[in-house]
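Structure below is structure-v2.tsv: TSV, C-alpha atoms and all ligand atoms.
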```tsv
chain	number	residue	atom	x	y	z
C	1	MET	CA	3.74	9.99	10.88
C	2	ARG	CA	6.34	9.87	8.16
C	3	PHE	CA	4.95	8.62	4.87
C	4	PHE	CA	7.14	6.98	2.21
C	5	LEU	CA	5.64	6.94	-1.27
C	6	GLY	CA	6.32	3.59	-2.93
C	7	THR	CA	7.61	3.68	-6.51
C	8	HIS	CA	8.97	1.34	-9.19
C	9	ARG	CA	10.91	4.27	-10.66
C	10	PRO	CA	14.25	4.86	-8.87
C	11	ASN	CA	14.89	7.98	-10.98
C	12	TRP	CA	12.20	9.75	-8.92
C	13	LEU	CA	14.87	9.85	-6.19
C	14	SER	CA	16.67	12.56	-8.12
C	15	LEU	CA	13.47	14.44	-9.00
C	16	THR	CA	11.67	14.96	-5.70
C	17	SER	CA	12.28	15.57	-2.02
C	18	VAL	CA	9.11	13.59	-1.18
C	19	PRO	CA	10.22	10.59	0.97
C	20	LEU	CA	10.23	7.51	-1.29
C	21	PHE	CA	10.17	3.76	-0.77
C	22	VAL	CA	12.21	1.92	-3.40
C	23	SER	CA	12.88	-1.78	-3.77
C	24	ASP	CA	16.29	-3.33	-4.17
C	25	ARG	CA	14.67	-5.32	-6.98
C	26	THR	CA	14.27	-2.20	-9.09
C	27	LEU	CA	17.57	-0.57	-8.06
C	28	ARG	CA	19.89	-3.54	-8.46
C	29	GLY	CA	19.98	-3.31	-12.26
C	30	TYR	CA	21.27	0.27	-12.29
C	31	LYS	CA	24.94	0.80	-13.22
C	32	THR	CA	24.74	4.53	-12.58
C	33	LEU	CA	22.62	5.27	-9.55
C	34	PRO	CA	20.55	8.43	-9.14
C	35	THR	CA	21.51	11.01	-6.52
C	36	ALA	CA	18.73	11.48	-3.99
C	37	LYS	CA	17.21	14.92	-3.58
C	38	GLY	CA	15.45	13.91	-0.37
C	39	THR	CA	15.23	10.93	1.95
C	40	TRP	CA	14.15	7.38	1.19
C	41	ALA	CA	13.94	3.86	2.56
C	42	LEU	CA	14.93	0.62	0.82
C	43	ASP	CA	12.67	-2.40	0.52
C	44	SER	CA	14.45	-5.73	0.20
C	45	GLY	CA	11.79	-7.02	-2.21
C	46	GLY	CA	11.08	-9.98	0.08
C	47	PHE	CA	7.41	-10.31	-0.77
C	48	THR	CA	8.16	-10.75	-4.47
C	49	GLU	CA	11.23	-12.91	-3.81
C	50	LEU	CA	9.40	-15.34	-1.53
C	51	SER	CA	6.16	-15.43	-3.48
C	52	THR	CA	8.09	-16.10	-6.69
C	53	HIS	CA	10.84	-18.47	-5.54
C	54	GLY	CA	9.61	-19.68	-2.14
C	55	SER	CA	13.00	-18.88	-0.58
C	56	TRP	CA	15.80	-16.31	-0.50
C	57	ASP	CA	18.11	-18.80	-2.26
C	58	HIS	CA	17.78	-16.98	-5.60
C	59	GLY	CA	18.09	-13.58	-4.01
C	60	PRO	CA	21.24	-11.94	-2.68
C	61	THR	CA	23.02	-13.55	0.26
C	62	PRO	CA	23.01	-11.37	3.39
C	63	ARG	CA	26.58	-10.27	2.60
C	64	GLN	CA	25.66	-9.37	-0.99
C	65	TYR	CA	22.59	-7.49	0.21
C	66	ALA	CA	24.61	-5.60	2.81
C	67	ALA	CA	27.14	-4.65	0.09
C	68	ARG	CA	24.30	-3.24	-2.02
C	69	VAL	CA	22.82	-1.30	0.88
C	70	ARG	CA	26.25	0.22	1.51
C	71	ARG	CA	26.59	1.20	-2.15
C	72	TYR	CA	23.10	2.76	-2.21
C	73	ALA	CA	23.80	4.66	1.00
C	74	GLU	CA	27.09	6.02	-0.34
C	75	GLU	CA	26.21	6.69	-3.97
C	76	ILE	CA	22.53	7.68	-3.79
C	77	GLY	CA	22.61	9.30	-0.35
C	78	GLY	CA	19.58	10.15	1.78
C	79	LEU	CA	18.96	6.52	2.78
C	80	VAL	CA	17.14	6.54	6.12
C	81	TRP	CA	16.99	2.79	6.57
C	82	ALA	CA	16.80	-0.51	4.71
C	83	ALA	CA	14.49	-3.47	5.31
C	84	PRO	CA	16.15	-6.78	6.15
C	85	GLN	CA	15.57	-9.96	4.13
C	86	ASP	CA	12.56	-10.93	6.20
C	87	TRP	CA	10.06	-13.75	5.80
C	88	MET	CA	6.43	-12.61	5.45
C	89	CYS	CA	3.76	-14.68	7.16
C	90	GLU	CA	0.78	-14.25	4.84
C	91	PRO	CA	-0.76	-17.62	3.86
C	92	PHE	CA	0.03	-16.76	0.24
C	93	VAL	CA	3.74	-16.70	1.11
C	94	THR	CA	3.90	-19.63	3.56
C	95	ASN	CA	2.03	-21.77	1.01
C	96	LYS	CA	4.81	-20.99	-1.43
C	97	THR	CA	7.73	-21.66	0.95
C	98	GLY	CA	6.12	-24.72	2.56
C	99	LEU	CA	7.47	-23.55	5.93
C	100	SER	CA	5.58	-22.83	9.15
C	101	ARG	CA	4.94	-19.27	10.27
C	102	LEU	CA	7.09	-19.97	13.33
C	103	GLU	CA	9.97	-20.88	11.01
C	104	HIS	CA	9.38	-17.66	9.04
C	105	GLN	CA	9.54	-15.68	12.28
C	106	LYS	CA	12.72	-17.41	13.42
C	107	ARG	CA	14.38	-16.77	10.05
C	108	THR	CA	13.30	-13.12	10.11
C	109	VAL	CA	14.81	-12.59	13.56
C	110	HIS	CA	17.97	-14.49	12.63
C	111	ASN	CA	18.41	-12.46	9.42
C	112	GLY	CA	17.95	-9.14	11.20
C	113	LEU	CA	20.52	-10.07	13.83
C	114	GLU	CA	22.94	-11.39	11.21
C	115	PHE	CA	23.15	-7.88	9.72
C	116	ARG	CA	24.06	-6.57	13.19
C	117	SER	CA	27.15	-8.74	13.11
C	118	ILE	CA	28.18	-8.50	9.43
C	119	ALA	CA	27.26	-4.83	8.81
C	120	PRO	CA	26.76	-3.02	12.12
C	121	ASP	CA	27.36	0.34	10.45
C	122	LEU	CA	24.35	0.01	8.11
C	123	PRO	CA	20.82	1.16	9.03
C	124	ILE	CA	19.20	-2.24	8.34
C	125	ILE	CA	16.15	-2.41	10.57
C	126	LEU	CA	14.57	-5.31	12.47
C	127	VAL	CA	11.12	-6.58	11.49
C	128	VAL	CA	8.38	-8.24	13.53
C	129	GLN	CA	6.44	-10.92	11.64
C	130	GLY	CA	3.36	-13.02	12.32
C	131	LEU	CA	-0.22	-13.48	11.21
C	132	PHE	CA	-2.26	-13.32	14.41
C	133	GLU	CA	-1.81	-11.06	17.40
C	134	ASP	CA	-0.29	-13.71	19.69
C	135	GLU	CA	2.24	-14.56	16.99
C	136	TYR	CA	3.43	-10.96	16.72
C	137	LEU	CA	3.76	-10.87	20.51
C	138	ALA	CA	5.75	-14.13	20.39
C	139	CYS	CA	8.04	-12.55	17.79
C	140	LEU	CA	8.66	-9.62	20.18
C	141	ASP	CA	9.72	-12.23	22.74
C	142	MET	CA	12.17	-13.77	20.27
C	143	TYR	CA	13.97	-10.41	20.02
C	144	ARG	CA	13.81	-9.98	23.80
C	145	SER	CA	15.37	-13.44	24.29
C	146	ALA	CA	18.12	-12.48	21.85
C	147	GLY	CA	18.93	-9.47	24.04
C	148	VAL	CA	17.45	-6.82	21.71
C	149	ASP	CA	15.56	-3.87	23.19
C	150	LEU	CA	13.12	-3.00	20.40
C	151	ALA	CA	12.09	0.21	22.17
C	152	ALA	CA	15.64	1.48	21.70
C	153	GLU	CA	15.62	0.83	17.93
C	154	PRO	CA	15.18	3.92	15.71
C	155	VAL	CA	12.45	2.06	13.81
C	156	VAL	CA	11.04	-1.48	13.77
C	157	GLY	CA	9.15	-2.85	10.77
C	158	VAL	CA	5.87	-4.65	11.20
C	159	GLY	CA	5.35	-7.10	8.38
C	160	SER	CA	2.34	-8.93	6.88
C	161	VAL	CA	-0.14	-6.97	8.96
C	162	CYS	CA	-1.22	-4.18	6.65
C	163	ARG	CA	-1.28	-5.87	3.29
C	164	ARG	CA	-3.59	-8.79	3.82
C	165	GLN	CA	-5.57	-8.42	6.99
C	166	GLY	CA	-8.79	-6.59	7.73
C	167	THR	CA	-8.20	-3.07	8.94
C	168	ARG	CA	-9.72	-3.67	12.36
C	169	GLU	CA	-7.61	-6.77	12.94
C	170	ALA	CA	-4.49	-4.94	11.80
C	171	ALA	CA	-5.26	-2.00	14.11
C	172	SER	CA	-5.65	-4.29	17.11
C	173	ILE	CA	-2.35	-6.07	16.32
C	174	ILE	CA	-0.47	-2.77	16.00
C	175	ALA	CA	-2.00	-1.54	19.26
C	176	ALA	CA	-1.01	-4.78	21.03
C	177	ILE	CA	2.60	-4.42	19.84
C	178	CYS	CA	2.69	-0.81	21.08
C	179	ARG	CA	1.33	-1.91	24.47
C	180	ALA	CA	3.84	-4.76	24.74
C	181	VAL	CA	6.83	-2.53	23.87
C	182	PRO	CA	6.06	1.01	25.04
C	183	GLY	CA	7.96	3.54	22.98
C	184	ILE	CA	8.44	1.25	19.97
C	185	ARG	CA	8.61	3.18	16.68
C	186	LEU	CA	6.83	1.03	14.11
C	187	HIS	CA	6.97	1.18	10.34
C	188	GLY	CA	3.95	-0.35	8.58
C	189	PHE	CA	4.92	-2.03	5.30
C	190	GLY	CA	2.61	-1.78	2.29
C	191	ILE	CA	-0.21	-0.09	4.12
C	192	LYS	CA	-3.74	0.53	2.77
C	193	THR	CA	-5.39	3.93	2.71
C	194	SER	CA	-8.00	2.71	5.17
C	195	GLY	CA	-5.20	1.44	7.41
C	196	LEU	CA	-3.46	4.82	7.39
C	197	ARG	CA	-6.67	6.37	8.61
C	198	ASP	CA	-7.47	3.74	11.24
C	199	TYR	CA	-4.11	3.12	12.87
C	200	GLY	CA	-1.71	5.57	11.22
C	201	SER	CA	-1.47	7.48	14.48
C	202	LEU	CA	0.12	4.42	16.13
C	203	LEU	CA	2.80	4.20	13.47
C	204	HIS	CA	6.08	6.08	13.30
C	205	SER	CA	6.09	5.66	9.52
C	206	ALA	CA	4.45	3.77	6.67
C	207	ASP	CA	4.86	3.15	2.97
C	208	SER	CA	2.33	2.45	0.26
C	209	MET	CA	2.13	1.55	-3.41
C	210	ALA	CA	-1.68	1.48	-3.29
C	211	TRP	CA	-1.78	4.35	-5.78
C	212	SER	CA	-0.06	2.27	-8.46
C	213	TYR	CA	-2.42	-0.71	-8.16
C	214	ALA	CA	-5.36	1.69	-8.28
C	215	ALA	CA	-3.95	3.56	-11.28
C	216	ARG	CA	-3.43	0.36	-13.23
C	217	ARG	CA	-7.16	-0.32	-13.20
C	218	ALA	CA	-8.32	3.26	-13.68
C	219	PRO	CA	-8.53	5.39	-16.81
C	220	ARG	CA	-5.42	7.56	-17.12
C	221	LEU	CA	-5.63	11.09	-15.77
C	222	PRO	CA	-7.03	13.75	-18.06
C	223	GLY	CA	-4.05	15.39	-19.75
C	224	CYS	CA	-1.72	12.41	-19.36
C	225	THR	CA	-0.18	11.21	-22.60
C	226	GLY	CA	2.53	8.71	-23.40
C	227	HIS	CA	1.23	5.96	-21.10
C	228	ALA	CA	-1.75	3.61	-21.27
C	229	ASN	CA	-2.46	3.94	-17.54
C	230	CYS	CA	-0.96	5.90	-14.64
C	231	ALA	CA	0.56	2.93	-12.74
C	232	ASN	CA	4.02	4.52	-12.97
C	233	CYS	CA	2.91	8.13	-13.33
C	234	ALA	CA	4.47	10.70	-11.00
C	235	ARG	CA	1.56	13.06	-11.53
C	236	PHE	CA	-0.91	10.42	-10.33
C	237	ALA	CA	1.36	9.35	-7.43
C	238	PHE	CA	1.99	12.82	-6.06
C	239	GLY	CA	-1.68	13.76	-6.42
C	240	TRP	CA	-2.66	10.62	-4.55
C	241	ARG	CA	-0.10	11.33	-1.82
C	242	GLU	CA	-1.44	14.85	-1.33
C	243	ARG	CA	-5.00	13.58	-0.99
C	244	VAL	CA	-4.00	10.87	1.48
C	245	LEU	CA	-1.96	13.26	3.61
C	246	ALA	CA	-4.75	15.85	3.49
C	247	SER	CA	-7.32	13.30	4.59
C	248	LEU	CA	-4.97	12.14	7.38
C	249	ALA	CA	-4.53	15.68	8.56
C	250	GLY	CA	-8.29	15.83	8.93
C	251	HIS	CA	-8.74	18.51	6.35
C	252	ALA	CA	-8.97	18.33	2.60
C	253	THR	CA	-7.76	20.78	0.04
C	254	ARG	CA	-10.84	22.58	-1.20
C	255	PRO	CA	-10.83	22.28	-4.95
C	256	ALA	CA	-11.35	25.25	-7.19
C	257	GLY	CA	-12.86	25.17	-10.64
C	258	PRO	CA	-15.63	23.23	-12.29
C	259	THR	CA	-15.07	19.88	-10.53
C	260	GLY	CA	-15.46	18.98	-6.87
C	261	ARG	CA	-17.76	20.33	-4.21
C	262	GLY	CA	-18.58	23.56	-5.97
C	263	ALA	CA	-20.01	21.55	-8.84
C	264	SER	CA	-22.00	19.14	-6.68
C	265	ARG	CA	-23.79	22.05	-4.98
C	266	LYS	CA	-25.31	22.92	-8.33
C	267	LEU	CA	-26.84	19.48	-8.72
C	268	ASP	CA	-30.55	18.99	-8.10
C	269	THR	CA	-31.95	16.25	-5.90
C	270	SER	CA	-32.61	13.73	-8.65
C	271	ARG	CA	-29.03	14.14	-9.93
C	272	ARG	CA	-27.69	13.63	-6.42
C	273	LEU	CA	-29.72	10.45	-5.99
C	274	ALA	CA	-28.54	9.15	-9.36
C	275	LEU	CA	-24.93	9.92	-8.39
C	276	SER	CA	-25.37	8.23	-5.04
C	277	ALA	CA	-26.67	5.07	-6.75
C	278	PHE	CA	-23.83	5.31	-9.26
C	279	ARG	CA	-21.30	5.58	-6.44
C	280	HIS	CA	-22.76	2.57	-4.68
C	281	GLU	CA	-22.70	0.39	-7.80
C	282	ALA	CA	-19.24	1.57	-8.88
C	283	ALA	CA	-17.87	0.69	-5.45
C	284	ARG	CA	-19.41	-2.78	-5.67
C	285	LEU	CA	-17.89	-3.20	-9.12
C	286	GLU	CA	-14.48	-2.19	-7.78
C	287	ARG	CA	-14.84	-4.63	-4.90
C	288	ASP	CA	-15.82	-7.54	-7.19
C	289	SER	CA	-12.92	-6.81	-9.50
C	290	THR	CA	-10.55	-6.80	-6.52
C	291	ILE	CA	-11.92	-10.15	-5.37
C	292	ARG	CA	-11.22	-11.64	-8.82
C	293	CYS	CA	-7.66	-10.21	-8.84
C	294	ALA	CA	-6.97	-11.58	-5.37
C	295	ASN	CA	-8.33	-14.97	-6.40
C	296	ARG	CA	-6.12	-14.98	-9.52
C	297	ASP	CA	-3.20	-14.08	-7.24
C	298	GLY	CA	-3.80	-17.35	-5.41
C	299	LEU	CA	-5.56	-16.02	-2.32
C	300	SER	CA	-8.17	-18.45	-0.98
C	301	VAL	CA	-11.88	-17.60	-0.80
C	302	ARG	CA	-11.62	-17.67	3.00
C	303	ALA	CA	-8.63	-15.30	3.06
C	304	ILE	CA	-10.37	-12.89	0.69
C	305	ALA	CA	-13.52	-13.02	2.82
C	306	THR	CA	-11.47	-12.09	5.91
C	307	VAL	CA	-9.74	-9.20	4.19
C	308	ILE	CA	-12.88	-7.58	2.83
C	309	ASP	CA	-15.39	-8.49	5.56
C	310	LEU	CA	-17.73	-10.60	3.40
C	311	SER	CA	-18.96	-14.16	3.98
C	312	PRO	CA	-16.98	-16.85	2.14
C	313	ALA	CA	-20.24	-17.91	0.48
C	314	ARG	CA	-20.73	-14.42	-0.97
C	315	VAL	CA	-17.12	-14.29	-2.17
C	316	GLY	CA	-17.58	-17.68	-3.84
C	317	GLN	CA	-20.75	-16.44	-5.50
C	318	ILE	CA	-19.01	-13.32	-6.86
C	319	LEU	CA	-16.25	-15.49	-8.33
C	320	THR	CA	-18.79	-17.46	-10.37
C	321	GLU	CA	-20.34	-14.33	-11.89
C	322	PRO	CA	-19.30	-13.39	-15.46
C	323	ASP	CA	-16.10	-11.35	-15.58
C	324	THR	CA	-16.88	-8.41	-17.88
C	325	PRO	CA	-14.00	-5.89	-18.18
C	326	VAL	CA	-14.28	-3.17	-15.54
C	327	LEU	CA	-14.15	-0.30	-18.02
C	328	GLU	CA	-17.02	-1.77	-20.01
C	329	GLN	CA	-19.09	-2.20	-16.83
C	330	LEU	CA	-18.29	1.39	-15.82
C	331	ARG	CA	-19.47	2.63	-19.21
C	332	GLN	CA	-22.75	0.76	-18.73
C	333	LEU	CA	-23.14	2.17	-15.21
C	334	ARG	CA	-22.57	5.73	-16.42
C	335	ALA	CA	-25.21	5.27	-19.11
C	336	ARG	CA	-27.72	3.64	-16.75
C	337	TRP	CA	-27.56	6.52	-14.25
C	338	GLY	CA	-27.22	9.22	-16.89
C	339	VAL	CA	-24.23	10.76	-15.14
C	340	ASP	CA	-22.76	12.09	-18.40
C	341	ASP	CA	-25.88	14.05	-19.30
C	342	ASP	CA	-24.48	17.33	-17.97
C	343	PRO	CA	-20.97	18.62	-17.22
C	344	ALA	CA	-21.49	18.98	-13.46
C	345	SER	CA	-22.64	15.42	-12.87
C	346	ARG	CA	-20.02	14.08	-15.28
C	347	ALA	CA	-17.31	15.82	-13.24
C	348	ALA	CA	-18.82	14.49	-10.01
C	349	ALA	CA	-18.90	10.95	-11.46
C	350	ASP	CA	-15.23	11.26	-12.52
C	351	MET	CA	-14.35	12.26	-8.99
C	352	ILE	CA	-16.32	9.36	-7.52
C	353	ILE	CA	-14.37	6.94	-9.72
C	354	ALA	CA	-11.06	8.60	-8.83
C	355	ASN	CA	-11.88	8.38	-5.13
C	356	ILE	CA	-12.96	4.76	-5.32
C	357	THR	CA	-9.92	3.64	-7.27
C	358	THR	CA	-7.40	5.62	-5.24
C	359	GLY	CA	-9.05	4.58	-2.01
C	360	GLU	CA	-8.63	1.03	-0.92
C	361	LEU	CA	-10.20	-2.06	-2.16
C	362	THR	CA	-13.14	-2.39	0.20
C	363	THR	CA	-16.50	-0.71	0.21
C	364	ASN	CA	-16.00	0.69	3.72
C	365	SER	CA	-13.38	3.11	2.47
C	366	VAL	CA	-15.56	4.54	-0.26
C	367	GLY	CA	-15.99	8.23	0.34
C	368	GLU	CA	-13.11	8.49	2.79
C	369	LEU	CA	-11.40	10.95	0.52
C	370	ASP	CA	-14.56	12.91	-0.16
C	371	GLY	CA	-13.88	16.56	-0.52
C	372	ALA	CA	-10.26	16.01	-1.46
C	373	ALA	CA	-8.85	17.64	-4.56
C	374	PRO	CA	-9.90	15.94	-7.80
C	375	ALA	CA	-7.41	13.51	-9.26
C	376	GLY	CA	-6.31	15.86	-12.00
C	377	GLY	CA	-6.08	18.88	-9.74
C	378	VAL	CA	-2.61	18.41	-8.35
C	379	GLN	CA	0.38	18.89	-10.58
C	380	SER	CA	3.62	17.09	-10.02
R	1	ZN	ZN	-0.47	9.66	-15.87
```
Mind turning this structure into structure tokens?
Ligand SMILES: [Zn+2]
Amino acid sequence: MRFFLGTHRPNWLSLTSVPLFVSDRTLRGYKTLPTAKGTWALDSGGFTELSTHGSWDHGPTPRQYAARVRRYAEEIGGLVWAAPQDWMCEPFVTNKTGLSRLEHQKRTVHNGLEFRSIAPDLPIILVVQGLFEDEYLACLDMYRSAGVDLAAEPVVGVGSVCRRQGTREAASIIAAICRAVPGIRLHGFGIKTSGLRDYGSLLHSADSMAWSYAARRAPRLPGCTGHANCANCARFAFGWRERVLASLAGHATRPAGPTGRGASRKLDTSRRLALSAFRHEAARLERDSTIRCANRDGLSVRAIATVIDLSPARVGQILTEPDTPVLEQLRQLRARWGVDDDPASRAAADMIIANITTGELTTNSVGELDGAAPAGGVQS
């Protein structure tokens, strides 16, 4: 699977050959564009556009967008493909547009096909949208009825599935699409770490900005200066990418030095138990904080409950609990379990936090990156 690292910083294009995923929203302001060192894909910024304005009316027209894609392809180089101006089907987005999911699907198909007629030379891909499995299958039929053979496309985007839905549900939708169109090469937009693990093998490619959301809520990496957190930090991003790819490959880079596995072997049983309790409580803290963020983002209690596999009642209960800043709660947790009492357990606790925050937002992914290199161990 080809993995595109999402970034808000278009200048990374000229710095790295790592495949990047960059939004038109961040690129459009640049008078002088960077020259790409490697390959990249362009996001149309639809999620932000629709969740902010409820339509594409404020965004570029299809002709304007096509003109930009052409300019990026010519001046930046290395552009593998560009997303169309599709219409996501998450409840958060349809609530904003006031349109039905069927209408979103029809507009997505229409937009994709419009680029075929106005800019047939550009690699603007087609995207399948929906919320539930039968809706994605119906969207495949819309393309079929329009005479498009999706199996013959170099890549087809699958929207809305990875970002908001439970991993199991997303996996079954992706599998159903692959069964319905044998040979289809799917790109998963905005995928979670747990999703990469569970259905990455069914995808031709994927992109993720999960590292940036995680970094925003985590302490900055040891040694980082000049920024308050690592949400736009190349060092954090490339380290995260290496850990994700290593965990996907089924083997992790064995860390050297005082942190990581070597250190945890030196811990006695009581330290291990304390760390295990610390890990459990830190993961719960991370989950509760994510629930509050999602709720502030306008996601309903029911939608949150679906995404993180909790009962709506429990989600509601968590939302009524006092909202102490995460860093303060983490400090209290560290003190309660005495994890900072010696260097080895302090290093292990740092790694637990790094793994929780760079993993995805649910408790079931905690520990999935166990054994990977510590967050500070990979240099950009
Ligand atoms: Zn940093």
Closest pair table for chain C residues within 9 Å of ligand ZN 1 (chain R), only C-alpha atoms and all ligand atoms, as CSV:
```
residue,atom,partner,partner_atom,distance
C:Ala215,CA,R:ZN1,ZN,8.4
C:Arg220,CA,R:ZN1,ZN,5.5
C:Leu221,CA,R:ZN1,ZN,5.4
C:Pro222,CA,R:ZN1,ZN,8.0
C:Gly223,CA,R:ZN1,ZN,7.8
C:Cys224,CA,R:ZN1,ZN,4.6
C:Thr225,CA,R:ZN1,ZN,6.9
C:Gly226,CA,R:ZN1,ZN,8.2
C:His227,CA,R:ZN1,ZN,6.6
C:Ala228,CA,R:ZN1,ZN,8.2
C:Asn229,CA,R:ZN1,ZN,6.3
C:Cys230,CA,R:ZN1,ZN,4.0
C:Ala231,CA,R:ZN1,ZN,7.5
C:Asn232,CA,R:ZN1,ZN,7.4
C:Cys233,CA,R:ZN1,ZN,4.5
C:Ala234,CA,R:ZN1,ZN,7.0
C:Arg235,CA,R:ZN1,ZN,5.9
C:Phe236,CA,R:ZN1,ZN,5.6
C:Ala237,CA,R:ZN1,ZN,8.6
```
Practice task
Excluding segment 54-59 of chain C and residues on its chain fewer than 3 positions from it, collect all residues at most 6 Å away from it, counting only C-alpha atoms, and give them as a list in words.
Solution key: Leu50, Ser51, Lys96 and Thr97 of chain C
Using 10 Å as the limit and counting all atoms listed in the file, can you tabulate each residue of segment 38-156 of chain C that touches segment 189-196 of chain C, with its shortest atom-to-atom distance in Å and the two atoms involved, as JSON lines?
```
{"residue": "C:Asp43", "atom": "CA", "partner": "C:Phe189", "partner_atom": "CA", "distance": 9.1}
{"residue": "C:Ala83", "atom": "CA", "partner": "C:Phe189", "partner_atom": "CA", "distance": 9.7}
{"residue": "C:Val127", "atom": "CA", "partner": "C:Phe189", "partner_atom": "CA", "distance": 9.9}
```
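With all atoms listed in the file as the atoms that count, the minimum distance from Ala176 of chain C to the choices C:Ser44, C:Glu49, C:Leu299, C:Phe132 is reached by C:Phe132.
For the pair atom CA of Arg292 of chain C and atom CA of Leu330 of chain C, the separation is 16.4 Å.
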Any idea what's packed within 8 Å of Leu42 of chain C, counting all atoms listed in the file, ignoring anything in its chain fewer than 2 positions away? Could you give it as an mmCIF file with C-alpha atoms, keeping the file's coordinate frame?
```
data_model
loop_
_atom_site.group_PDB
_atom_site.id
_atom_site.type_symbol
_atom_site.label_atom_id
_atom_site.label_comp_id
_atom_site.auth_asym_id
_atom_site.auth_seq_id
_atom_site.Cartn_x
_atom_site.Cartn_y
_atom_site.Cartn_z
ATOM 1 C CA PHE C 21 10.170 3.760 -0.770
ATOM 2 C CA VAL C 22 12.210 1.920 -3.400
ATOM 3 C CA SER C 23 12.880 -1.780 -3.770
ATOM 4 C CA ASP C 24 16.290 -3.330 -4.170
ATOM 5 C CA TRP C 40 14.150 7.380 1.190
ATOM 6 C CA SER C 44 14.450 -5.730 0.200
ATOM 7 C CA LEU C 79 18.960 6.520 2.780
ATOM 8 C CA TRP C 81 16.990 2.790 6.570
ATOM 9 C CA ALA C 82 16.800 -0.510 4.710
ATOM 10 C CA ALA C 83 14.490 -3.470 5.310
#
```
Exercise for the section: Excluding Arg296 of chain C and any residue of its chain fewer than 6 positions from it, enumerate the residues within 12 Å of it, using all atoms listed in the file, and give them as a ChimeraX atom specification. Expected result: /C:92,289-290,304,319
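Between atom CA of Leu285 of chain C and atom CA of Gly188 of chain C there is a distance of 28.3 Å.
Counting all atoms listed in the file and comparing C:Arg68, C:Arg271, C:Arg284, C:His110, the residue that lies closest to Ala348 of chain C is C:Arg271.
Interatomic distance, atom CA of Arg185 of chain C to atom CA of Ser201 of chain C: 11.2 Å.
Residue neighbourhood of Cys139 of chain C, excluding near-sequence residues (fewer than 3 positions): Gln105, Val128, Gln129, Glu135, Tyr136, Met142 and Tyr143 of chain C, at 7 Å, using all atoms listed in the file.
Nearest residue to Thr306 of chain C among C:Gly166, C:Asp288, C:Ile352, C:Pro322 is C:Gly166, counting only C-alpha atoms.
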Long-range neighbours of Glu169 of chain C as a compact mmCIF listing (two decimals) with C-alpha atoms, in the coordinates of the input, 10 Å cut-off, all atoms listed in the file, 3 positions minimum in chain:
```
# COMPACT_ATOMS: atom_id res chain seq x y z
CA PHE C 132 -2.26 -13.32 14.41
CA GLU C 133 -1.81 -11.06 17.40
CA VAL C 161 -0.14 -6.97 8.96
CA CYS C 162 -1.22 -4.18 6.65
CA GLN C 165 -5.57 -8.42 6.99
CA GLY C 166 -8.79 -6.59 7.73
CA SER C 172 -5.65 -4.29 17.11
CA ILE C 173 -2.35 -6.07 16.32
CA ILE C 174 -0.47 -2.77 16.00
CA ALA C 175 -2.00 -1.54 19.26
CA THR C 306 -11.47 -12.09 5.91
CA VAL C 307 -9.74 -9.20 4.19
```
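Nearest-residue note for Phe47 of chain C: choosing from C:Leu137, C:Met88, C:Ala347, C:Leu5, the minimum distance belongs to C:Met88, counting only C-alpha atoms.
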Problem - Test item: which residues lie within 12 Å of (-31.4, 10.4, -8.0) counting all atoms listed in the file, as an MDAnalysis selection string - result: chainID C and resid 267:279 336:339 345
Could you add the missing atoms to segment 78-87 of chain C, up to N, CA and C atoms, and return them as a short mmCIF file (atom, residue, chain, number, x, y, z; two decimals), in the coordinates of the input?
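Result file follows (selection-v7.cif):
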```cif
data_model
loop_
_atom_site.label_atom_id
_atom_site.label_comp_id
_atom_site.auth_asym_id
_atom_site.auth_seq_id
_atom_site.Cartn_x
_atom_site.Cartn_y
_atom_site.Cartn_z
N GLY C 78 20.94 9.95 1.28
CA GLY C 78 19.58 10.15 1.78
C GLY C 78 18.89 8.90 2.28
N LEU C 79 19.60 7.76 2.33
CA LEU C 79 18.96 6.52 2.78
C LEU C 79 18.72 6.56 4.29
N VAL C 80 17.46 6.48 4.70
CA VAL C 80 17.14 6.54 6.12
C VAL C 80 17.31 5.17 6.75
N TRP C 81 16.81 4.16 6.10
CA TRP C 81 16.99 2.79 6.57
C TRP C 81 16.70 1.81 5.44
N ALA C 82 17.07 0.55 5.68
CA ALA C 82 16.80 -0.51 4.71
C ALA C 82 16.10 -1.66 5.42
N ALA C 83 15.16 -2.29 4.74
CA ALA C 83 14.49 -3.47 5.31
C ALA C 83 15.46 -4.64 5.28
N PRO C 84 15.32 -5.57 6.21
CA PRO C 84 16.15 -6.78 6.15
C PRO C 84 15.55 -7.75 5.13
N GLN C 85 16.14 -8.94 5.03
CA GLN C 85 15.57 -9.96 4.13
C GLN C 85 14.63 -10.83 4.97
N ASP C 86 13.47 -10.26 5.26
CA ASP C 86 12.56 -10.93 6.20
C ASP C 86 11.66 -11.94 5.49
N TRP C 87 10.93 -12.68 6.30
CA TRP C 87 10.06 -13.75 5.80
C TRP C 87 8.62 -13.42 6.18
#
```
